[in-house]
Amino acid sequence: MFTRTTLRTFRTSRSHVTRAFSASATPIAAASNSRLINATLFAAAGVAAAVLAGASSSSASTTTARCDAAATAADPPVYGRPGTNQERTFIAVKPDGVQRGLIGDIIARFEKRGYKLVGLKMVWPTLHMAEEHYADLRKKPFYPGLTKFFSSGPIVCMCWEGKDAIKQGRQMLGETQPLASKPGSIRGDYSIDLGRNICHGSDSPEGAEHELTMWFPEGVSNWAKTVDSHVYE
Ligand code: DAT
Ligand code: MG
């Protein structure tokens with residue numbers, strides 16, 4: 001076991017603003033007076049997943065996380081490698097999905113499909129974190145209500161990895177509007193109203209980079225899945 005420190009600068013194409021962004025600057029500063037629930041261990045629907053700990057022990061300017069012994073410098077960045085089998089997407093169970101007991105089902109769908117869970121934790125976002133997450137929608141009339149609801153209770157943050165994970169994740173979620181979502185999709189199976197559509201998924205590689213960098217400043221777990229030869233030909 002060893003520790004790793006991350007510090008990076010990135011451009012957020014969604015807001016078209018370049019920001020110096022310490023891996024911990026926005027989320028962890030916000031989290032310091034928020035309700036970040038770290039090191040949560042889920043065992044739901046037959047799914048057991050270990051959660052990376054570390055953010056709560058971070059200093060103000062850096063974030064330290066424990067990594068598995070196999071981690072190497074060849075590991076992908078937290079946002080993965082779009083266009084490869086290491087593409088990564090940020091999937092979240094929103095406060096309504098958590099309250100309605102859908103965490104396990106949503107995890108199970110991605111897991112059974114063959115995707116690899118590399119990051120998982122429960123966080124109660126502050127309003128500031130919700131606003132940062134939905135920064136691209138800042139000018140929309142529903143933005144205040146959206147961010148208020150998103151910060152109204154804990155969410156489950158996930159990083160899923162695999163071929164075409166961003167687009168396939170969106171398809172598994174369904175349409176933004178639940179009434180337009182097909183049965184078989186998460187939103188089509190479990191939701192009715194637009195503002196209670198259960199889950200979030202990155203909509204592009206740029207979105208995934210913004211979201212995974214924001215929600216997993218401590219990094220994720222770069223583990224090898226031994227059954228991948230039975231998922232990929
Ligand atoms: P998605 O969540 O499918 O990526 P989005 O990014 O356009 O959709 O919007 C984020 C969330 O905001 C969406 O899941 C539900 C809510 N929302 C979207 N459009 C809305 C509208 N016209 N009125 C109220 N809420 C809306
Ligand atoms: Mg969106």
# chains A, B, ... in the order shown; residues from 1 in each chain; ligands from 1
$ residues_near_ligand --ligand "ligand 1" --cutoff "9 Å" --atoms "only C-alpha atoms and all ligand atoms" --output "VMD selection string"
chain A and resid 134 136 to 137 140 to 143 145 to 147 170 173 to 177 193 to 203
$ closest_atom_pairs --of "region 109-135 of chain A" --to "region 73-95 of chain A" --cutoff "10 Å" --atoms "only C-alpha atoms" --output "Markdown table"
| residue | atom | partner | partner_atom | distance |
| --- | --- | --- | --- | --- |
| A:Phe110 | CA | A:Ile91 | CA | 9.8 |
| A:Tyr115 | CA | A:Arg88 | CA | 9.6 |
| A:Lys116 | CA | A:Arg88 | CA | 9.3 |
| A:Leu117 | CA | A:Arg88 | CA | 9.5 |
| A:Val118 | CA | A:Arg88 | CA | 9.0 |
| A:Gly119 | CA | A:Phe90 | CA | 9.1 |
| A:Leu120 | CA | A:Ala92 | CA | 9.4 |
| A:Lys121 | CA | A:Ala92 | CA | 9.7 |
| A:Met122 | CA | A:Val93 | CA | 9.3 |
| A:Trp124 | CA | A:Pro95 | CA | 8.8 |
| A:Pro125 | CA | A:Pro95 | CA | 9.8 |
$ closest_residue --among "A:Ser204, A:Ser229, A:Ser221, A:Ser151" --to "ligand 2" --atoms "only C-alpha atoms and all ligand atoms"
A:Ser204
$ atom_distance --atom1 "CA of Met172 (chain A)" --atom2 "CA of Gly184 (chain A)"
8.0 Å
$ atom_distance --atom1 "CA of Trp215 (chain A)" --atom2 "CA of Ile155 (chain A)"
11.1 Å
$ closest_residue --among "A:Ser191, A:Thr72, A:Thr126, A:Asn222" --to "Leu179 (chain A)" --atoms "only C-alpha atoms"
A:Ser191
$ select_by_dssp --residues "region 104-168 of chain A" --states "alpha helix (DSSP H)" --output "tab-separated table (two decimals) with N, CA and C atoms, in the first residue's frame"
chain	number	residue	atom	x	y	z
A	104	GLY	N	-28.72	-0.22	-5.25
A	104	GLY	CA	-28.26	-1.57	-5.61
A	104	GLY	C	-28.66	-1.95	-7.02
A	105	ASP	N	-29.87	-1.60	-7.42
A	105	ASP	CA	-30.33	-1.95	-8.76
A	105	ASP	C	-29.48	-1.26	-9.83
A	106	ILE	N	-29.19	0.01	-9.59
A	106	ILE	CA	-28.42	0.76	-10.59
A	106	ILE	C	-27.00	0.22	-10.68
A	107	ILE	N	-26.39	-0.06	-9.55
A	107	ILE	CA	-25.06	-0.67	-9.58
A	107	ILE	C	-25.11	-2.00	-10.32
A	108	ALA	N	-26.12	-2.79	-10.00
A	108	ALA	CA	-26.20	-4.14	-10.60
A	108	ALA	C	-26.33	-4.08	-12.12
A	109	ARG	N	-27.06	-3.09	-12.63
A	109	ARG	CA	-27.22	-3.00	-14.09
A	109	ARG	C	-25.89	-2.79	-14.79
A	110	PHE	N	-25.09	-1.87	-14.25
A	110	PHE	CA	-23.79	-1.60	-14.88
A	110	PHE	C	-22.85	-2.77	-14.68
A	111	GLU	N	-22.91	-3.37	-13.52
A	111	GLU	CA	-22.02	-4.49	-13.23
A	111	GLU	C	-22.34	-5.69	-14.11
A	112	LYS	N	-23.62	-5.99	-14.24
A	112	LYS	CA	-24.02	-7.14	-15.07
A	112	LYS	C	-23.75	-6.90	-16.55
A	113	ARG	N	-23.81	-5.66	-16.96
A	113	ARG	CA	-23.52	-5.35	-18.37
A	113	ARG	C	-22.07	-5.69	-18.70
A	127	LEU	N	-24.65	22.96	-1.62
A	127	LEU	CA	-25.21	23.68	-2.76
A	127	LEU	C	-24.10	24.11	-3.71
A	128	HIS	N	-22.97	24.50	-3.16
A	128	HIS	CA	-21.84	24.91	-3.99
A	128	HIS	C	-21.37	23.75	-4.89
A	129	MET	N	-21.30	22.57	-4.33
A	129	MET	CA	-20.89	21.40	-5.13
A	129	MET	C	-21.91	21.11	-6.23
A	130	ALA	N	-23.20	21.23	-5.88
A	130	ALA	CA	-24.24	21.00	-6.88
A	130	ALA	C	-24.13	22.02	-8.01
A	131	GLU	N	-23.85	23.25	-7.64
A	131	GLU	CA	-23.72	24.31	-8.67
A	131	GLU	C	-22.52	24.05	-9.56
A	132	GLU	N	-21.45	23.58	-8.97
A	132	GLU	CA	-20.24	23.26	-9.75
A	132	GLU	C	-20.52	22.09	-10.69
A	133	HIS	N	-21.20	21.10	-10.17
A	133	HIS	CA	-21.51	19.92	-10.98
A	133	HIS	C	-22.35	20.29	-12.20
A	143	TYR	N	-32.28	25.91	-12.95
A	143	TYR	CA	-31.00	25.69	-12.25
A	143	TYR	C	-31.12	25.82	-10.72
A	144	PRO	N	-31.76	26.85	-10.19
A	144	PRO	CA	-31.85	26.95	-8.72
A	144	PRO	C	-32.56	25.75	-8.09
A	145	GLY	N	-33.67	25.34	-8.70
A	145	GLY	CA	-34.39	24.19	-8.14
A	145	GLY	C	-33.61	22.90	-8.30
A	146	LEU	N	-32.94	22.76	-9.42
A	146	LEU	CA	-32.14	21.56	-9.69
A	146	LEU	C	-31.01	21.42	-8.67
A	147	THR	N	-30.28	22.50	-8.45
A	147	THR	CA	-29.13	22.42	-7.54
A	147	THR	C	-29.59	22.30	-6.08
A	148	LYS	N	-30.73	22.92	-5.78
A	148	LYS	CA	-31.28	22.77	-4.42
A	148	LYS	C	-31.65	21.31	-4.16
A	149	PHE	N	-32.30	20.70	-5.14
A	149	PHE	CA	-32.69	19.29	-4.94
A	149	PHE	C	-31.47	18.38	-4.92
A	150	PHE	N	-30.50	18.63	-5.80
A	150	PHE	CA	-29.31	17.78	-5.87
A	150	PHE	C	-28.52	17.80	-4.56
A	165	ALA	N	-18.27	3.59	-22.52
A	165	ALA	CA	-18.99	3.73	-21.24
A	165	ALA	C	-19.85	4.99	-21.17
A	166	ILE	N	-19.40	6.08	-21.78
A	166	ILE	CA	-20.15	7.35	-21.67
A	166	ILE	C	-21.48	7.24	-22.41
A	167	LYS	N	-21.41	6.84	-23.68
A	167	LYS	CA	-22.65	6.75	-24.47
A	167	LYS	C	-23.56	5.63	-23.98
A	168	GLN	N	-22.97	4.50	-23.68
A	168	GLN	CA	-23.79	3.37	-23.21
A	168	GLN	C	-24.42	3.70	-21.85
$ closest_residue --among "A:Gly188, A:Gly101, A:Gly114, A:Gly207" --to "Tyr232 (chain A)" --atoms "only C-alpha atoms"
A:Gly114
$ closest_residue --among "A:Gly97, A:Pro154, A:Gly162, A:Gly169" --to "ligand 2" --atoms "only C-alpha atoms and all ligand atoms"
A:Gly169
$ closest_residue --among "A:Met214, A:Val98, A:Met158, A:Ala135" --to "ligand 2" --atoms "only C-alpha atoms and all ligand atoms"
A:Ala135
$ closest_residue --among "A:Glu233, A:Arg138, A:Trp160, A:Ala180" --to "ligand 2" --atoms "only C-alpha atoms and all ligand atoms"
A:Arg138
$ atom_distance --atom1 "CA of Gly219 (chain A)" --atom2 "CA of Gln99 (chain A)"
26.7 Å
